[in-house]
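One file, coords09.cif, is given below (mmCIF, C-alpha atoms).
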```cif
data_work
loop_
_atom_site.group_PDB
_atom_site.id
_atom_site.type_symbol
_atom_site.label_atom_id
_atom_site.label_comp_id
_atom_site.auth_asym_id
_atom_site.auth_seq_id
_atom_site.Cartn_x
_atom_site.Cartn_y
_atom_site.Cartn_z
ATOM 1 C CA MET A 214 4.524 -13.537 12.207
ATOM 2 C CA ARG A 215 1.614 -11.183 12.765
ATOM 3 C CA ARG A 216 2.206 -7.859 14.342
ATOM 4 C CA PRO A 217 0.142 -6.848 17.377
ATOM 5 C CA ALA A 218 -3.056 -4.899 17.113
ATOM 6 C CA GLN A 219 -2.266 -1.382 16.073
ATOM 7 C CA TRP A 220 -3.405 2.111 16.830
ATOM 8 C CA GLU A 221 -6.853 3.502 16.582
ATOM 9 C CA PRO A 222 -7.271 5.859 13.616
ATOM 10 C CA SER A 223 -8.812 8.344 15.996
ATOM 11 C CA VAL A 224 -5.486 8.966 17.693
ATOM 12 C CA PHE A 225 -3.955 10.275 14.483
ATOM 13 C CA GLN A 226 -3.286 13.957 14.053
ATOM 14 C CA GLY A 227 -2.047 15.214 10.745
ATOM 15 C CA GLY A 228 -1.393 11.666 9.627
ATOM 16 C CA LEU A 229 1.145 10.942 12.358
ATOM 17 C CA PRO A 230 0.391 8.770 15.362
ATOM 18 C CA VAL A 231 -0.150 10.599 18.603
ATOM 19 C CA HIS A 232 0.226 8.351 21.617
ATOM 20 C CA LEU A 233 -2.191 8.872 24.411
ATOM 21 C CA PRO A 234 -0.768 9.131 27.926
ATOM 22 C CA ARG A 235 -0.982 5.773 29.659
ATOM 23 C CA PRO A 236 -3.753 6.759 32.086
ATOM 24 C CA LEU A 237 -5.990 7.689 29.152
ATOM 25 C CA CYS A 238 -5.539 4.405 27.368
ATOM 26 C CA THR A 239 -8.594 2.222 27.215
ATOM 27 C CA SER A 240 -8.173 -1.538 27.271
ATOM 28 C CA ARG A 241 -7.851 -1.662 23.498
ATOM 29 C CA LEU A 242 -5.520 1.288 23.292
ATOM 30 C CA ILE A 243 -3.005 -0.017 25.815
ATOM 31 C CA GLN A 244 -1.444 -2.192 23.124
ATOM 32 C CA CYS A 245 -1.471 0.629 20.606
ATOM 33 C CA CYS A 246 0.779 3.061 22.414
ATOM 34 C CA ARG A 247 3.837 1.583 20.727
ATOM 35 C CA PRO A 248 2.486 0.943 17.248
ATOM 36 C CA VAL A 249 4.635 -0.997 14.824
ATOM 37 C CA PRO A 250 5.202 1.304 11.863
ATOM 38 C CA ASN A 251 3.448 -0.016 8.798
ATOM 39 C CA VAL A 252 3.339 0.930 5.143
ATOM 40 C CA TYR A 253 1.085 3.875 5.906
ATOM 41 C CA HIS A 254 3.536 5.279 8.460
ATOM 42 C CA TYR A 255 6.462 5.061 6.079
ATOM 43 C CA PHE A 256 4.592 6.661 3.203
ATOM 44 C CA GLU A 257 3.470 9.521 5.426
ATOM 45 C CA ARG A 258 6.987 10.016 6.700
ATOM 46 C CA ALA A 259 8.380 10.042 3.172
ATOM 47 C CA CYS A 260 5.916 12.750 2.201
ATOM 48 C CA ARG A 261 6.469 14.932 5.235
ATOM 49 C CA ARG A 262 10.197 14.913 5.833
ATOM 50 C CA ASP A 263 12.730 17.010 3.984
ATOM 51 C CA PRO A 264 14.310 15.189 1.052
ATOM 52 C CA ALA A 265 17.407 13.220 2.019
ATOM 53 C CA PRO A 266 20.590 14.454 0.340
ATOM 54 C CA ARG A 267 21.523 12.266 -2.606
ATOM 55 C CA ARG A 268 25.166 11.590 -1.912
ATOM 56 C CA GLY A 269 27.463 8.719 -2.666
ATOM 57 C CA SER A 270 27.104 6.091 -5.320
ATOM 58 C CA GLN A 271 24.085 6.157 -7.605
ATOM 59 C CA GLY A 272 22.654 2.941 -8.965
ATOM 60 C CA VAL A 273 20.848 2.559 -12.234
ATOM 61 C CA LYS A 274 17.136 3.242 -12.535
ATOM 62 C CA VAL A 275 15.320 -0.063 -12.220
ATOM 63 C CA VAL A 276 11.947 -0.202 -13.957
ATOM 64 C CA ASP A 277 9.205 -2.812 -13.724
ATOM 65 C CA GLU A 278 6.584 -3.780 -16.281
ATOM 66 C CA ASP A 279 4.020 -1.437 -14.718
ATOM 67 C CA GLY A 280 6.299 1.545 -15.255
ATOM 68 C CA ASN A 281 7.329 1.886 -11.614
ATOM 69 C CA SER A 282 10.959 2.813 -11.147
ATOM 70 C CA VAL A 283 13.506 3.296 -8.375
ATOM 71 C CA VAL A 284 16.998 4.727 -8.122
ATOM 72 C CA PHE A 285 19.049 4.371 -4.949
ATOM 73 C CA TRP A 286 22.042 6.277 -3.688
ATOM 74 C CA VAL A 287 24.278 4.865 -0.975
ATOM 75 C CA GLU A 288 26.967 6.775 0.835
ATOM 76 C CA THR A 289 29.677 4.657 2.391
ATOM 77 C CA GLU A 290 32.533 5.080 4.809
ATOM 78 C CA GLY A 291 34.868 2.138 4.641
ATOM 79 C CA ASN A 292 32.767 -0.961 4.779
ATOM 80 C CA ARG A 293 29.685 0.694 6.209
ATOM 81 C CA ILE A 294 26.714 2.573 4.763
ATOM 82 C CA VAL A 295 26.326 5.962 6.388
ATOM 83 C CA GLY A 296 23.440 7.234 4.320
ATOM 84 C CA ALA A 297 20.937 6.179 1.705
ATOM 85 C CA ALA A 298 18.515 8.054 -0.484
ATOM 86 C CA TYR A 299 16.159 7.112 -3.267
ATOM 87 C CA ARG A 300 13.915 8.463 -5.983
ATOM 88 C CA CYS A 301 10.926 6.432 -7.083
ATOM 89 C CA THR A 302 7.587 6.661 -8.811
ATOM 90 C CA THR A 303 4.572 7.417 -6.662
ATOM 91 C CA CYS A 304 3.160 3.969 -6.016
ATOM 92 C CA PHE A 305 2.129 4.053 -2.364
ATOM 93 C CA THR A 306 3.650 0.678 -1.502
ATOM 94 C CA LEU A 307 6.858 1.381 -3.381
ATOM 95 C CA VAL A 308 7.436 4.724 -1.674
ATOM 96 C CA ALA A 309 6.867 3.175 1.739
ATOM 97 C CA LEU A 310 9.209 0.269 1.071
ATOM 98 C CA CYS A 311 11.964 2.523 -0.284
ATOM 99 C CA GLU A 312 11.576 4.768 2.747
ATOM 100 C CA HIS A 313 11.853 1.829 5.111
ATOM 101 C CA LEU A 314 14.767 0.321 3.208
ATOM 102 C CA SER A 315 16.696 3.585 3.296
ATOM 103 C CA GLU A 316 16.170 3.695 7.054
ATOM 104 C CA ILE A 317 17.354 0.133 7.540
ATOM 105 C CA LEU A 318 20.509 0.760 5.513
ATOM 106 C CA GLY A 319 21.876 3.414 7.848
ATOM 107 C CA GLY A 320 24.868 1.883 9.641
ATOM 108 C CA MET A 321 24.582 -1.449 7.870
ATOM 109 C CA ASP A 322 27.787 -3.057 6.617
ATOM 110 C CA LEU A 323 28.031 -3.604 2.901
ATOM 111 C CA GLU A 324 28.075 -7.378 3.024
ATOM 112 C CA THR A 325 24.855 -7.452 5.041
ATOM 113 C CA ALA A 326 23.288 -4.952 2.647
ATOM 114 C CA ARG A 327 24.241 -7.095 -0.324
ATOM 115 C CA ARG A 328 22.555 -10.115 1.246
ATOM 116 C CA TYR A 329 19.396 -8.188 2.097
ATOM 117 C CA THR A 330 16.489 -9.559 0.087
ATOM 118 C CA ALA A 331 12.996 -8.550 -0.881
ATOM 119 C CA ALA A 332 11.718 -11.311 1.383
ATOM 120 C CA ASP A 333 13.521 -9.693 4.331
ATOM 121 C CA LEU A 334 11.836 -6.393 3.586
ATOM 122 C CA LEU A 335 8.431 -7.977 3.081
ATOM 123 C CA GLY A 336 8.866 -9.835 6.345
ATOM 124 C CA LEU A 337 8.629 -6.463 8.069
ATOM 125 C CA HIS A 338 5.368 -5.695 6.291
ATOM 126 C CA PRO A 339 2.933 -8.592 6.448
ATOM 127 C CA GLU A 340 0.183 -6.123 5.618
ATOM 128 C CA ILE A 341 1.346 -5.961 1.996
ATOM 129 C CA PRO A 342 -0.724 -8.314 -0.158
ATOM 130 C CA PRO A 343 1.027 -10.629 -2.645
ATOM 131 C CA SER A 344 -0.044 -8.488 -5.600
ATOM 132 C CA ARG A 345 2.316 -5.781 -4.321
ATOM 133 C CA HIS A 346 5.308 -7.945 -3.411
ATOM 134 C CA ASN A 347 7.079 -7.055 -6.641
ATOM 135 C CA ARG A 348 7.574 -3.535 -5.257
ATOM 136 C CA ALA A 349 10.010 -4.931 -2.697
ATOM 137 C CA GLU A 350 11.910 -6.751 -5.437
ATOM 138 C CA LEU A 351 12.145 -3.492 -7.371
ATOM 139 C CA ALA A 352 13.478 -1.575 -4.375
ATOM 140 C CA VAL A 353 16.059 -4.224 -3.513
ATOM 141 C CA ALA A 354 17.196 -4.492 -7.143
ATOM 142 C CA ALA A 355 17.789 -0.734 -7.176
ATOM 143 C CA LEU A 356 19.685 -0.974 -3.904
ATOM 144 C CA ARG A 357 21.928 -3.719 -5.259
ATOM 145 C CA SER A 358 22.718 -1.597 -8.276
ATOM 146 C CA ALA A 359 23.808 1.249 -6.001
ATOM 147 C CA LEU A 360 25.897 -1.148 -3.924
ATOM 148 C CA ALA A 361 27.607 -2.417 -7.059
ATOM 149 C CA GLU A 362 28.364 1.157 -8.037
ATOM 150 C CA ALA A 363 29.784 1.810 -4.585
ATOM 151 C CA GLU A 364 32.061 -1.158 -5.095
ATOM 152 C CA LYS A 365 33.344 0.337 -8.317
ATOM 153 C CA ASN A 366 33.745 3.826 -6.879
ATOM 154 C CA ASN A 367 35.354 2.851 -3.607
ATOM 155 C CA GLY A 368 37.226 -0.230 -4.553
ATOM 156 C CA VAL A 369 35.322 -1.990 -1.790
ATOM 157 C CA LEU A 370 34.499 -5.610 -2.449
ATOM 158 C CA VAL A 371 30.747 -5.879 -2.068
ATOM 159 C CA MET B 41 -23.881 -0.746 -21.944
ATOM 160 C CA LYS B 42 -20.948 -1.397 -19.645
ATOM 161 C CA VAL B 43 -20.389 0.759 -16.591
ATOM 162 C CA ALA B 44 -17.819 1.037 -13.826
ATOM 163 C CA TYR B 45 -18.655 2.410 -10.403
ATOM 164 C CA ILE B 46 -16.330 4.451 -8.244
ATOM 165 C CA PHE B 47 -17.486 4.673 -4.654
ATOM 166 C CA ALA B 48 -15.821 7.879 -3.605
ATOM 167 C CA THR B 49 -18.158 9.439 -1.068
ATOM 168 C CA GLN B 50 -19.104 8.335 2.413
ATOM 169 C CA GLY B 51 -22.518 8.378 4.030
ATOM 170 C CA HIS B 52 -24.922 5.808 2.616
ATOM 171 C CA THR B 53 -22.939 5.219 -0.546
ATOM 172 C CA VAL B 54 -22.223 1.582 0.159
ATOM 173 C CA SER B 55 -24.898 0.597 2.644
ATOM 174 C CA TYR B 56 -27.764 2.080 0.644
ATOM 175 C CA LYS B 57 -26.842 2.703 -2.992
ATOM 176 C CA LEU B 58 -24.750 -0.418 -3.344
ATOM 177 C CA GLY B 59 -26.277 -2.672 -0.712
ATOM 178 C CA LYS B 60 -29.940 -1.872 -1.272
ATOM 179 C CA MET B 61 -30.001 -0.967 -4.962
ATOM 180 C CA ILE B 62 -27.106 -2.057 -7.151
ATOM 181 C CA LEU B 63 -26.190 -5.350 -5.491
ATOM 182 C CA PRO B 64 -29.734 -6.799 -5.299
ATOM 183 C CA GLN B 65 -30.270 -5.810 -8.915
ATOM 184 C CA LEU B 66 -27.043 -7.519 -9.954
ATOM 185 C CA GLU B 67 -28.004 -10.639 -8.016
ATOM 186 C CA GLU B 68 -31.368 -10.681 -9.736
ATOM 187 C CA GLY B 69 -29.895 -9.941 -13.175
ATOM 188 C CA ARG B 70 -31.942 -6.792 -13.648
ATOM 189 C CA HIS B 71 -29.438 -3.991 -13.121
ATOM 190 C CA GLY B 72 -29.824 -2.850 -16.700
ATOM 191 C CA ALA B 73 -26.144 -2.482 -17.428
ATOM 192 C CA GLU B 74 -23.148 -4.764 -17.347
ATOM 193 C CA VAL B 75 -20.796 -3.760 -14.548
ATOM 194 C CA ALA B 76 -17.162 -4.035 -15.603
ATOM 195 C CA GLY B 77 -15.770 -3.071 -12.234
ATOM 196 C CA MET B 78 -16.117 -1.263 -8.948
ATOM 197 C CA PHE B 79 -13.485 0.821 -7.189
ATOM 198 C CA PHE B 80 -13.752 1.754 -3.524
ATOM 199 C CA PHE B 81 -12.250 4.709 -1.708
ATOM 200 C CA GLU B 82 -11.774 5.502 1.969
ATOM 201 C CA ASP B 83 -14.180 3.933 4.474
ATOM 202 C CA ASN B 84 -16.083 2.250 1.653
ATOM 203 C CA CYS B 85 -13.186 -0.253 1.560
ATOM 204 C CA TYR B 86 -14.398 -1.741 4.861
ATOM 205 C CA ALA B 87 -17.250 -3.305 2.907
ATOM 206 C CA LEU B 88 -14.769 -5.565 1.148
ATOM 207 C CA GLN B 89 -13.241 -6.988 4.317
ATOM 208 C CA LYS B 90 -13.465 -10.737 4.766
ATOM 209 C CA GLY B 91 -16.644 -11.637 6.579
ATOM 210 C CA ASN B 92 -18.560 -8.510 5.662
ATOM 211 C CA PRO B 93 -21.959 -9.843 4.510
ATOM 212 C CA LEU B 94 -22.433 -7.208 1.829
ATOM 213 C CA GLY B 95 -18.879 -7.640 0.556
ATOM 214 C CA GLU B 96 -19.187 -11.405 0.449
ATOM 215 C CA ARG B 97 -22.387 -11.144 -1.597
ATOM 216 C CA LEU B 98 -20.723 -8.681 -3.940
ATOM 217 C CA ALA B 99 -17.681 -10.924 -4.317
ATOM 218 C CA ALA B 100 -19.940 -13.830 -5.192
ATOM 219 C CA VAL B 101 -21.491 -11.758 -7.978
ATOM 220 C CA ALA B 102 -18.028 -10.705 -9.128
ATOM 221 C CA ARG B 103 -16.784 -14.279 -9.262
ATOM 222 C CA GLN B 104 -19.738 -15.229 -11.402
ATOM 223 C CA SER B 105 -19.616 -12.258 -13.771
ATOM 224 C CA GLY B 106 -15.894 -11.477 -13.878
ATOM 225 C CA MET B 107 -16.505 -8.024 -12.462
ATOM 226 C CA LEU B 108 -13.425 -6.260 -11.113
ATOM 227 C CA LEU B 109 -13.429 -5.323 -7.428
ATOM 228 C CA MET B 110 -10.597 -3.029 -6.378
ATOM 229 C CA CYS B 111 -9.951 -0.895 -3.309
ATOM 230 C CA CYS B 112 -7.702 2.139 -3.073
ATOM 231 C CA ASP B 113 -4.384 0.830 -1.732
ATOM 232 C CA GLN B 114 -3.616 3.902 0.346
ATOM 233 C CA CYS B 115 -7.069 3.798 1.935
ATOM 234 C CA CYS B 116 -6.599 0.130 2.849
ATOM 235 C CA TYR B 117 -3.126 0.550 4.297
ATOM 236 C CA GLU B 118 -4.311 3.479 6.381
ATOM 237 C CA ARG B 119 -7.125 1.339 7.775
ATOM 238 C CA ASP B 120 -4.878 -1.720 8.196
ATOM 239 C CA ILE B 121 -7.129 -3.892 6.052
ATOM 240 C CA ALA B 122 -4.966 -4.385 2.947
ATOM 241 C CA ASP B 123 -4.347 -8.008 3.888
ATOM 242 C CA LYS B 124 -7.840 -8.614 5.232
ATOM 243 C CA LEU B 125 -9.859 -8.237 2.058
ATOM 244 C CA ILE B 126 -12.080 -10.888 0.532
ATOM 245 C CA ASP B 127 -10.222 -13.241 -1.799
ATOM 246 C CA GLY B 128 -10.160 -11.850 -5.308
ATOM 247 C CA VAL B 129 -10.486 -8.220 -4.246
ATOM 248 C CA GLN B 130 -7.456 -6.268 -5.392
ATOM 249 C CA ILE B 131 -5.845 -3.145 -4.040
ATOM 250 C CA GLY B 132 -4.442 -0.517 -6.324
ATOM 251 C CA CYS B 133 -4.308 3.013 -7.571
ATOM 252 C CA PHE B 134 -5.466 4.591 -10.803
ATOM 253 C CA PRO B 135 -2.823 2.924 -13.004
ATOM 254 C CA ASP B 136 -3.910 -0.444 -11.648
ATOM 255 C CA LEU B 137 -7.575 0.373 -12.192
ATOM 256 C CA TYR B 138 -7.038 1.445 -15.787
ATOM 257 C CA LYS B 139 -4.861 -1.567 -16.503
ATOM 258 C CA ALA B 140 -7.384 -3.943 -14.957
ATOM 259 C CA LEU B 141 -10.249 -2.428 -16.928
ATOM 260 C CA SER B 142 -8.348 -2.143 -20.198
ATOM 261 C CA GLY B 143 -9.394 -5.631 -21.228
ATOM 262 C CA ASN B 144 -13.045 -4.920 -20.490
ATOM 263 C CA PRO B 145 -13.443 -1.148 -20.778
ATOM 264 C CA PRO B 146 -16.676 0.457 -19.543
ATOM 265 C CA ASP B 147 -18.698 2.875 -21.647
ATOM 266 C CA GLN B 148 -19.484 5.011 -18.618
ATOM 267 C CA VAL B 149 -17.769 5.568 -15.273
ATOM 268 C CA ILE B 150 -20.189 6.508 -12.529
ATOM 269 C CA THR B 151 -18.897 8.116 -9.345
ATOM 270 C CA LEU B 152 -21.073 7.664 -6.284
#
```
As structure tokens, how would this structure be written, given the file I've shared?
Amino acid sequence: MRRPAQWEPSVFQGGLPVHLPRPLCTSRLIQCCRPVPNVYHYFERACRRDPAPRRGSQGVKVVDEDGNSVVFWVETEGNRIVGAAYRCTTCFTLVALCEHLSEILGGMDLETARRYTAADLLGLHPEIPPSRHNRAELAVAALRSALAEAEKNNGVLV
Amino acid sequence: MKVAYIFATQGHTVSYKLGKMILPQLEEGRHGAEVAGMFFFEDNCYALQKGNPLGERLAAVARQSGMLLMCCDQCCYERDIADKLIDGVQIGCFPDLYKALSGNPPDQVITL
């Protein structure tokens, strides 16, 4: 499913989208006032926000053949994830996907998190070309490792 | 001699230096050096979008010669064209560029 036409680069300030007031929108910009965040948004956000606290269960570092790596932390309360953090190498796509995945995890129950796949994550980012799809697999593998560790630490069946 | 080009500056980098000099020479087989690859930064990536006449000509040369064509991934995502590039054109960062060129390393890297 293709996402709608997105924002004009000219409405960016400091790398973050600035939405024009409705009366100022031209015909093309009307659709852009609620842009769907894409890989660029998530990378920018990852670079600009304060680091998330790394609490909870830490998974193992998952490394791919290109030398990219990811570690995930998940913090749980009962059967629910209340926080997620990650550390990864600086591949643009990988950072963006880890950032988005950590956002999605907030509030998710553990069973749903365990069933979350790379295809689910890539489905949110049709702009990622096939040559970069392995980044999603790397991120999800790191997440699953952290979930398995949470199971061990909390005695929760994941 | 093998060279690789990095198109890093804006202005007439692509439209003039590539489009009016390098590409016609490559098409005519008189460039004077074998081109192992080309890497595009920032707005220069627009030249490799599907349907761009210059990009399509360049891709045809690349298919024939095995020349690498790669665009900066960050630049393409920012411009929302990462999935709109001509078939065979890759996106990547420096590690990807070095890896892709490692099998056919250039003697000189020329930044334009």
At a cut-off of 9 Å, using all atoms listed in the file, what residues contact range 83-99 of chain B? Leave out same-chain residues fewer than 5 positions from it and give the result as a PyMOL selection string. chain B and resi 47-50+53-55+58-59+63+66-67+104+107+109-112+115-116+119+121-129
Using only C-alpha atoms, which protein or nucleic acid residues come within 6 Å of Ala331 in chain A? Drop anything in the same chain fewer than 4 positions from it, and give the result as a ChimeraX atom specification. /A:349-350,353
CA of Val295 in chain A to CA of Pro250 in chain A: how many Å, to one decimal? 22.3 Å
Counting all atoms listed in the file, figure out which residue out of A:Gly296, A:Gly320, A:Pro339, A:Gly291 gets nearest to chain B.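 The closest residue to chain B is A:Pro339.
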So which one's closest to chain A, B:Asn144, B:Ala73, B:Val149, B:Asp120? Using all atoms listed in the file, please.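 Answer, going by the shortest atom-to-atom distance: B:Asp120.
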Pick from B:Met41, B:Pro145, B:Phe81, B:Gln130, whichever lies nearest to chain A using only C-alpha atoms: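 Smallest distance to chain A is found for B:Gln130.
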Which residues, named as in the file, does the PyMOL selection byres ((chain B and resi 148) around 7) pick out? Answer as a PyMOL selection string. chain B and resi 42-44+146-147+149-150
For chain A, report every residue with an atom at most 6 Å from chain B (counting only C-alpha atoms), formatted as an NGL selection string. :A and (253 or 340 or 342)
What would the selection look like, as a PyMOL selection string, if the PyMOL selection byres ((chain A and resi 304) around 12) were run on the coordinates I just shared? (chain A and resi 252+256+277+279-283+300-303+305-311+345+347-349+351-352) or (chain B and resi 112-114+131-136)
The centre and edge lengths of an axis-aligned box containing all atoms of range 128-140 of chain B present in the file, extended by 3 Å on each side, are to be given in Å to one decimal, as lines of an AutoDock Vina configuration file.
```
center_x = -6.7
center_y = -3.6
center_z = -10.3
size_x = 13.7
size_y = 22.4
size_z = 18.5
```
Point-to-point distance in Å for CA of Leu337 in chain A and CA of Tyr138 in chain B: 29.6 Å
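For the point (5.5, -11.8, -1.0), the residues with an atom at a distance of at most 7 Å are Ala332, Leu335, Pro343 and His346 of chain A, counting only C-alpha atoms.
CA of Glu257 in chain A is found 25.1 Å from CA of Arg357 in chain A.
Note on the selection: in this file the PyMOL selection byres ((chain A and resi 366) around 12) comes out as Gly269, Ser270, Gln271, Gly272, Val287, Glu288, Thr289, Glu290, Gly291, Ala359, Leu360, Ala361, Glu362, Ala363, Glu364, Lys365, Asn367, Gly368, Val369, Leu370 and Val371 of chain A.
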Could the residues in this selection be saved with C-alpha atoms as an mmCIF file, in the frame of the given file?
```cif
data_model
loop_
_atom_site.group_PDB
_atom_site.id
_atom_site.type_symbol
_atom_site.label_atom_id
_atom_site.label_comp_id
_atom_site.auth_asym_id
_atom_site.auth_seq_id
_atom_site.Cartn_x
_atom_site.Cartn_y
_atom_site.Cartn_z
ATOM 1 C CA GLY A 269 27.463 8.719 -2.666
ATOM 2 C CA SER A 270 27.104 6.091 -5.320
ATOM 3 C CA GLN A 271 24.085 6.157 -7.605
ATOM 4 C CA GLY A 272 22.654 2.941 -8.965
ATOM 5 C CA VAL A 287 24.278 4.865 -0.975
ATOM 6 C CA GLU A 288 26.967 6.775 0.835
ATOM 7 C CA THR A 289 29.677 4.657 2.391
ATOM 8 C CA GLU A 290 32.533 5.080 4.809
ATOM 9 C CA GLY A 291 34.868 2.138 4.641
ATOM 10 C CA ALA A 359 23.808 1.249 -6.001
ATOM 11 C CA LEU A 360 25.897 -1.148 -3.924
ATOM 12 C CA ALA A 361 27.607 -2.417 -7.059
ATOM 13 C CA GLU A 362 28.364 1.157 -8.037
ATOM 14 C CA ALA A 363 29.784 1.810 -4.585
ATOM 15 C CA GLU A 364 32.061 -1.158 -5.095
ATOM 16 C CA LYS A 365 33.344 0.337 -8.317
ATOM 17 C CA ASN A 367 35.354 2.851 -3.607
ATOM 18 C CA GLY A 368 37.226 -0.230 -4.553
ATOM 19 C CA VAL A 369 35.322 -1.990 -1.790
ATOM 20 C CA LEU A 370 34.499 -5.610 -2.449
ATOM 21 C CA VAL A 371 30.747 -5.879 -2.068
#
```
Supply range 288-304 of chain A as a PDB file, in the coordinates of the input, with N, CA, C and O atoms built in where the input has gaps.
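Below you can see result24.pdb, which holds the result:
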```
ATOM      1  N   GLU A 288      25.738   6.099   0.443  1.00  0.00           N
ATOM      2  CA  GLU A 288      26.967   6.775   0.835  1.00  0.00           C
ATOM      3  C   GLU A 288      27.691   5.871   1.824  1.00  0.00           C
ATOM      4  O   GLU A 288      27.073   5.399   2.792  1.00  0.00           O
ATOM      5  N   THR A 289      28.946   5.624   1.557  1.00  0.00           N
ATOM      6  CA  THR A 289      29.677   4.657   2.391  1.00  0.00           C
ATOM      7  C   THR A 289      30.894   5.306   3.033  1.00  0.00           C
ATOM      8  O   THR A 289      31.461   6.271   2.507  1.00  0.00           O
ATOM      9  N   GLU A 290      31.257   4.753   4.168  1.00  0.00           N
ATOM     10  CA  GLU A 290      32.533   5.080   4.809  1.00  0.00           C
ATOM     11  C   GLU A 290      33.181   3.750   5.145  1.00  0.00           C
ATOM     12  O   GLU A 290      32.668   3.012   5.998  1.00  0.00           O
ATOM     13  N   GLY A 291      34.254   3.452   4.450  1.00  0.00           N
ATOM     14  CA  GLY A 291      34.868   2.138   4.641  1.00  0.00           C
ATOM     15  C   GLY A 291      33.900   1.054   4.200  1.00  0.00           C
ATOM     16  O   GLY A 291      33.365   1.090   3.088  1.00  0.00           O
ATOM     17  N   ASN A 292      33.617   0.178   5.112  1.00  0.00           N
ATOM     18  CA  ASN A 292      32.767  -0.961   4.779  1.00  0.00           C
ATOM     19  C   ASN A 292      31.334  -0.762   5.274  1.00  0.00           C
ATOM     20  O   ASN A 292      30.576  -1.720   5.370  1.00  0.00           O
ATOM     21  N   ARG A 293      30.976   0.462   5.576  1.00  0.00           N
ATOM     22  CA  ARG A 293      29.685   0.694   6.209  1.00  0.00           C
ATOM     23  C   ARG A 293      28.897   1.768   5.453  1.00  0.00           C
ATOM     24  O   ARG A 293      29.470   2.720   4.939  1.00  0.00           O
ATOM     25  N   ILE A 294      27.590   1.578   5.391  1.00  0.00           N
ATOM     26  CA  ILE A 294      26.714   2.573   4.763  1.00  0.00           C
ATOM     27  C   ILE A 294      26.379   3.645   5.799  1.00  0.00           C
ATOM     28  O   ILE A 294      25.924   3.325   6.901  1.00  0.00           O
ATOM     29  N   VAL A 295      26.622   4.876   5.440  1.00  0.00           N
ATOM     30  CA  VAL A 295      26.326   5.962   6.388  1.00  0.00           C
ATOM     31  C   VAL A 295      25.104   6.766   5.960  1.00  0.00           C
ATOM     32  O   VAL A 295      24.610   7.598   6.715  1.00  0.00           O
ATOM     33  N   GLY A 296      24.637   6.520   4.759  1.00  0.00           N
ATOM     34  CA  GLY A 296      23.440   7.234   4.320  1.00  0.00           C
ATOM     35  C   GLY A 296      22.884   6.612   3.061  1.00  0.00           C
ATOM     36  O   GLY A 296      23.618   6.009   2.283  1.00  0.00           O
ATOM     37  N   ALA A 297      21.576   6.708   2.909  1.00  0.00           N
ATOM     38  CA  ALA A 297      20.937   6.179   1.705  1.00  0.00           C
ATOM     39  C   ALA A 297      19.801   7.099   1.311  1.00  0.00           C
ATOM     40  O   ALA A 297      19.135   7.695   2.166  1.00  0.00           O
ATOM     41  N   ALA A 298      19.618   7.241   0.027  1.00  0.00           N
ATOM     42  CA  ALA A 298      18.515   8.054  -0.484  1.00  0.00           C
ATOM     43  C   ALA A 298      17.950   7.344  -1.716  1.00  0.00           C
ATOM     44  O   ALA A 298      18.588   6.436  -2.258  1.00  0.00           O
ATOM     45  N   TYR A 299      16.785   7.766  -2.122  1.00  0.00           N
ATOM     46  CA  TYR A 299      16.159   7.112  -3.267  1.00  0.00           C
ATOM     47  C   TYR A 299      15.273   8.108  -4.006  1.00  0.00           C
ATOM     48  O   TYR A 299      14.890   9.153  -3.478  1.00  0.00           O
ATOM     49  N   ARG A 300      14.950   7.766  -5.216  1.00  0.00           N
ATOM     50  CA  ARG A 300      13.915   8.463  -5.983  1.00  0.00           C
ATOM     51  C   ARG A 300      13.074   7.375  -6.629  1.00  0.00           C
ATOM     52  O   ARG A 300      13.612   6.439  -7.234  1.00  0.00           O
ATOM     53  N   CYS A 301      11.767   7.479  -6.505  1.00  0.00           N
ATOM     54  CA  CYS A 301      10.926   6.432  -7.083  1.00  0.00           C
ATOM     55  C   CYS A 301       9.609   7.018  -7.574  1.00  0.00           C
ATOM     56  O   CYS A 301       9.262   8.150  -7.233  1.00  0.00           O
ATOM     57  N   THR A 302       8.915   6.244  -8.361  1.00  0.00           N
ATOM     58  CA  THR A 302       7.587   6.661  -8.811  1.00  0.00           C
ATOM     59  C   THR A 302       6.612   6.590  -7.631  1.00  0.00           C
ATOM     60  O   THR A 302       6.930   6.029  -6.580  1.00  0.00           O
ATOM     61  N   THR A 303       5.421   7.111  -7.817  1.00  0.00           N
ATOM     62  CA  THR A 303       4.572   7.417  -6.662  1.00  0.00           C
ATOM     63  C   THR A 303       3.640   6.294  -6.237  1.00  0.00           C
ATOM     64  O   THR A 303       2.646   6.555  -5.577  1.00  0.00           O
ATOM     65  N   CYS A 304       3.942   5.078  -6.567  1.00  0.00           N
ATOM     66  CA  CYS A 304       3.160   3.969  -6.016  1.00  0.00           C
ATOM     67  C   CYS A 304       3.294   3.993  -4.490  1.00  0.00           C
ATOM     68  O   CYS A 304       4.401   4.057  -3.951  1.00  0.00           O
TER      69      CYS A 304
END
```
